[in-house]
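Data block below; observations after.
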Amino acid sequence: MVEVSDRDLHREMGYRSEVHLFNQYLRISEPTRRRAQMRATATFHNVTGEEMEPKHPTLAKAFADGTVGSGHIRAVLDVLGDIPDAVPHDTKVAAEREMTEVAVEFDPAGIAEA
């Protein structure tokens with residue numbers, strides 16, 4: 001999915017969006033949700049080919065380590081999405097770290113409550 005995004009393969013293959021290619025050609029279930037999770041935790045490449053850090057690196061590491069699953073990611077992203085844009089970046093990074101710690105300890109349903 002990352003390579004499709006990095007290379008803009010959906011355009012090359014004649015699909016109007018990544019989600020459409022994921023759903024129609026690759027038969028990936030819930031492509032919009034999985035794309036959002038991918039955008040938060042995957043390592044993409046810039047135009048020069050250099051790797052870029054994931055949007056939520058702490059959450060990405062926990063996912064790669066297997067301590068959180070896709071349900072945890074969805075719940076954490078829901079909580080982080082409620083943070084206003086006016087909040088400073090450092091505060092958002094601290095919130096991500098804290099929510100990742102919560103996700104490691106709780107099941108996805110318990111994350112929002114915590």
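Quick note on naming: the chains in the structure tokens go A, B, ... in the order shown, residues restart at 1 in each chain, and ligands are numbered from 1 in order of appearance.
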
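Residue neighbourhood of segment 93-101 of chain A, excluding near-sequence residues (fewer than 2 positions): His56, Pro57, Thr58, Leu59, Ala62, Val68, His72, Ile73, Val76, Leu77, Val79, Leu80, Pro88, His89, Asp90, Thr91, Ala103, Val104, Glu105, Phe106, Ile111 and Ala114 of chain A, at 9 Å, using only C-alpha atoms.
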
Pull N, CA and C atoms from the residues just selected and write them as a short mmCIF file (atom, residue, chain, number, x, y, z; two decimals), in the first residue's frame.
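Okay, this is what ended up in again.cif:
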```
data_model
loop_
_atom_site.label_atom_id
_atom_site.label_comp_id
_atom_site.auth_asym_id
_atom_site.auth_seq_id
_atom_site.Cartn_x
_atom_site.Cartn_y
_atom_site.Cartn_z
N HIS A 56 3.13 9.48 13.12
CA HIS A 56 3.06 9.17 14.55
C HIS A 56 4.11 8.09 14.85
N PRO A 57 5.37 8.49 15.03
CA PRO A 57 6.45 7.50 15.17
C PRO A 57 6.34 6.59 16.38
N THR A 58 5.87 7.09 17.50
CA THR A 58 5.75 6.25 18.70
C THR A 58 4.70 5.16 18.47
N LEU A 59 3.59 5.54 17.88
CA LEU A 59 2.53 4.58 17.57
C LEU A 59 3.02 3.58 16.51
N ALA A 62 5.25 0.98 18.20
CA ALA A 62 4.45 0.02 18.98
C ALA A 62 3.74 -0.97 18.04
N VAL A 68 0.62 -3.12 19.83
CA VAL A 68 -0.71 -2.60 19.52
C VAL A 68 -1.12 -3.13 18.16
N HIS A 72 -6.28 -0.70 17.98
CA HIS A 72 -5.65 0.29 18.86
C HIS A 72 -5.31 1.56 18.08
N ILE A 73 -4.77 1.36 16.89
CA ILE A 73 -4.39 2.52 16.06
C ILE A 73 -5.62 3.36 15.76
N VAL A 76 -6.62 5.30 18.90
CA VAL A 76 -5.67 6.38 19.21
C VAL A 76 -5.83 7.51 18.21
N LEU A 77 -5.97 7.20 16.93
CA LEU A 77 -6.15 8.25 15.92
C LEU A 77 -7.44 9.03 16.14
N VAL A 79 -8.78 9.68 19.07
CA VAL A 79 -8.51 10.59 20.18
C VAL A 79 -7.60 11.74 19.72
N LEU A 80 -6.54 11.41 19.00
CA LEU A 80 -5.62 12.45 18.54
C LEU A 80 -6.30 13.40 17.55
N PRO A 88 -0.04 23.45 20.40
CA PRO A 88 1.35 23.38 19.92
C PRO A 88 1.78 21.96 19.55
N HIS A 89 2.71 21.88 18.59
CA HIS A 89 3.19 20.60 18.08
C HIS A 89 3.77 19.74 19.20
N ASP A 90 4.54 20.33 20.11
CA ASP A 90 5.15 19.55 21.20
C ASP A 90 4.09 18.89 22.07
N THR A 91 3.00 19.58 22.29
CA THR A 91 1.90 19.01 23.08
C THR A 91 1.26 17.85 22.35
N ALA A 103 -2.57 2.69 24.88
CA ALA A 103 -2.95 1.63 23.93
C ALA A 103 -2.26 0.32 24.23
N VAL A 104 -1.03 0.38 24.71
CA VAL A 104 -0.29 -0.83 25.05
C VAL A 104 -0.96 -1.54 26.23
N GLU A 105 -1.53 -0.77 27.15
CA GLU A 105 -2.10 -1.35 28.37
C GLU A 105 -3.57 -1.74 28.25
N PHE A 106 -4.31 -1.09 27.35
CA PHE A 106 -5.74 -1.31 27.26
C PHE A 106 -6.13 -1.91 25.92
N ILE A 111 -9.46 2.52 25.28
CA ILE A 111 -8.56 3.65 25.01
C ILE A 111 -9.29 4.98 25.16
N ALA A 114 -9.96 5.77 28.78
CA ALA A 114 -8.76 6.13 29.52
C ALA A 114 -8.36 7.55 29.20
#
```

Per-residue DSSP, chain A, filtered to helix (DSSP H, G or I), as an NGL selection string:
:A and (2-7 or 9-12 or 18-24 or 31-41 or 57-65 or 70-81 or 89-105 or 108-113)

Just-selected residues, C-alpha atoms written as a PDB file, in the first residue's frame:
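Generated output (part-v6.pdb):
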```pdb
ATOM      1  CA  VAL A   2       2.880   2.342   0.743  1.00  0.00           C
ATOM      2  CA  GLU A   3       4.498   1.654  -2.596  1.00  0.00           C
ATOM      3  CA  VAL A   4       1.216   2.357  -4.385  1.00  0.00           C
ATOM      4  CA  SER A   5       1.110   5.693  -2.596  1.00  0.00           C
ATOM      5  CA  ASP A   6       4.797   6.545  -3.054  1.00  0.00           C
ATOM      6  CA  ARG A   7       4.671   5.844  -6.780  1.00  0.00           C
ATOM      7  CA  LEU A   9       0.391   3.897  -9.108  1.00  0.00           C
ATOM      8  CA  HIS A  10      -3.341   4.529  -8.943  1.00  0.00           C
ATOM      9  CA  ARG A  11      -2.957   7.234 -11.610  1.00  0.00           C
ATOM     10  CA  GLU A  12      -0.713   5.065 -13.750  1.00  0.00           C
ATOM     11  CA  GLU A  18      -5.608   5.208  -3.989  1.00  0.00           C
ATOM     12  CA  VAL A  19      -8.696   4.069  -2.110  1.00  0.00           C
ATOM     13  CA  HIS A  20     -10.422   3.100  -5.364  1.00  0.00           C
ATOM     14  CA  LEU A  21      -7.376   1.035  -6.418  1.00  0.00           C
ATOM     15  CA  PHE A  22      -7.157  -0.595  -2.976  1.00  0.00           C
ATOM     16  CA  ASN A  23     -10.831  -1.520  -3.074  1.00  0.00           C
ATOM     17  CA  GLN A  24     -11.315  -2.472  -6.725  1.00  0.00           C
ATOM     18  CA  PRO A  31      -9.527   0.825   2.346  1.00  0.00           C
ATOM     19  CA  THR A  32     -10.266   4.280   3.776  1.00  0.00           C
ATOM     20  CA  ARG A  33      -9.635   3.165   7.359  1.00  0.00           C
ATOM     21  CA  ARG A  34      -6.528   1.204   6.408  1.00  0.00           C
ATOM     22  CA  ARG A  35      -5.184   4.139   4.390  1.00  0.00           C
ATOM     23  CA  ALA A  36      -5.586   6.434   7.413  1.00  0.00           C
ATOM     24  CA  GLN A  37      -3.722   3.925   9.579  1.00  0.00           C
ATOM     25  CA  MET A  38      -1.029   3.588   6.944  1.00  0.00           C
ATOM     26  CA  ARG A  39      -0.601   7.360   6.715  1.00  0.00           C
ATOM     27  CA  ALA A  40      -0.109   7.509  10.496  1.00  0.00           C
ATOM     28  CA  THR A  41       2.319   4.608  10.933  1.00  0.00           C
ATOM     29  CA  PRO A  57       6.452   7.503  15.166  1.00  0.00           C
ATOM     30  CA  THR A  58       5.746   6.246  18.698  1.00  0.00           C
ATOM     31  CA  LEU A  59       2.531   4.585  17.566  1.00  0.00           C
ATOM     32  CA  ALA A  60       4.309   3.182  14.490  1.00  0.00           C
ATOM     33  CA  LYS A  61       7.025   1.611  16.656  1.00  0.00           C
ATOM     34  CA  ALA A  62       4.446   0.024  18.976  1.00  0.00           C
ATOM     35  CA  PHE A  63       2.618  -1.367  15.933  1.00  0.00           C
ATOM     36  CA  ALA A  64       5.851  -2.726  14.435  1.00  0.00           C
ATOM     37  CA  ASP A  65       6.735  -4.306  17.788  1.00  0.00           C
ATOM     38  CA  SER A  70      -5.037  -1.970  14.042  1.00  0.00           C
ATOM     39  CA  GLY A  71      -7.955  -1.516  16.455  1.00  0.00           C
ATOM     40  CA  HIS A  72      -5.646   0.285  18.863  1.00  0.00           C
ATOM     41  CA  ILE A  73      -4.395   2.519  16.063  1.00  0.00           C
ATOM     42  CA  ARG A  74      -7.924   3.430  15.045  1.00  0.00           C
ATOM     43  CA  ALA A  75      -8.847   4.328  18.637  1.00  0.00           C
ATOM     44  CA  VAL A  76      -5.675   6.375  19.210  1.00  0.00           C
ATOM     45  CA  LEU A  77      -6.148   8.247  15.917  1.00  0.00           C
ATOM     46  CA  ASP A  78      -9.731   9.053  16.926  1.00  0.00           C
ATOM     47  CA  VAL A  79      -8.507  10.594  20.179  1.00  0.00           C
ATOM     48  CA  LEU A  80      -5.621  12.453  18.536  1.00  0.00           C
ATOM     49  CA  GLY A  81      -7.995  13.736  15.863  1.00  0.00           C
ATOM     50  CA  HIS A  89       3.194  20.600  18.084  1.00  0.00           C
ATOM     51  CA  ASP A  90       5.150  19.555  21.199  1.00  0.00           C
ATOM     52  CA  THR A  91       1.904  19.014  23.082  1.00  0.00           C
ATOM     53  CA  LYS A  92       0.555  16.884  20.236  1.00  0.00           C
ATOM     54  CA  VAL A  93       3.721  14.759  20.246  1.00  0.00           C
ATOM     55  CA  ALA A  94       3.411  14.279  24.012  1.00  0.00           C
ATOM     56  CA  ALA A  95      -0.242  13.292  23.556  1.00  0.00           C
ATOM     57  CA  GLU A  96       0.745  10.701  20.969  1.00  0.00           C
ATOM     58  CA  ARG A  97       3.315   9.196  23.341  1.00  0.00           C
ATOM     59  CA  GLU A  98       0.812   9.092  26.184  1.00  0.00           C
ATOM     60  CA  MET A  99      -1.948   7.602  24.049  1.00  0.00           C
ATOM     61  CA  THR A 100       0.454   4.943  22.760  1.00  0.00           C
ATOM     62  CA  GLU A 101       1.285   3.988  26.349  1.00  0.00           C
ATOM     63  CA  VAL A 102      -2.453   3.750  27.070  1.00  0.00           C
ATOM     64  CA  ALA A 103      -2.954   1.631  23.932  1.00  0.00           C
ATOM     65  CA  VAL A 104      -0.292  -0.834  25.051  1.00  0.00           C
ATOM     66  CA  GLU A 105      -2.097  -1.346  28.371  1.00  0.00           C
ATOM     67  CA  PRO A 108      -9.170  -0.652  21.810  1.00  0.00           C
ATOM     68  CA  ALA A 109     -12.524  -0.075  23.532  1.00  0.00           C
ATOM     69  CA  GLY A 110     -10.787   1.090  26.705  1.00  0.00           C
ATOM     70  CA  ILE A 111      -8.563   3.651  25.014  1.00  0.00           C
ATOM     71  CA  ALA A 112     -11.200   6.368  24.645  1.00  0.00           C
ATOM     72  CA  GLU A 113     -12.322   5.870  28.236  1.00  0.00           C
TER      73      GLU A 113
END
```

In Å to one decimal, how far is atom CA of Tyr25 of chain A from atom CA of His45 of chain A?
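About the pair atom CA of His45 of chain A and atom CA of Tyr25 of chain A: they are 23.1 Å apart.
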
State, in Å with one decimal place, the distance from atom CA of Gly14 of chain A to atom CA of Gly49 of chain A.
23.8 Å

When you draw a straight line from atom CA of Asp82 of chain A to atom CA of Ala42 of chain A, how long is it in Å?
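For atom CA of Asp82 of chain A relative to atom CA of Ala42 of chain A, the distance reads 21.3 Å.
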
Shell around Thr43 of chain A at 6 Å using only C-alpha atoms, local window under 6 positions removed, as an NGL selection string
:A and (52-54)

Written selection (N, CA and C atoms) as a compact mmCIF listing (two decimals), in the first residue's frame:
```
# COMPACT_ATOMS: atom_id res chain seq x y z
N MET A 52 11.02 9.07 5.06
CA MET A 52 10.48 10.08 5.96
C MET A 52 9.93 9.37 7.19
N GLU A 53 10.06 10.01 8.33
CA GLU A 53 9.55 9.43 9.58
C GLU A 53 8.03 9.35 9.52
N PRO A 54 7.43 8.32 10.12
CA PRO A 54 5.97 8.24 10.15
C PRO A 54 5.36 9.45 10.85
```
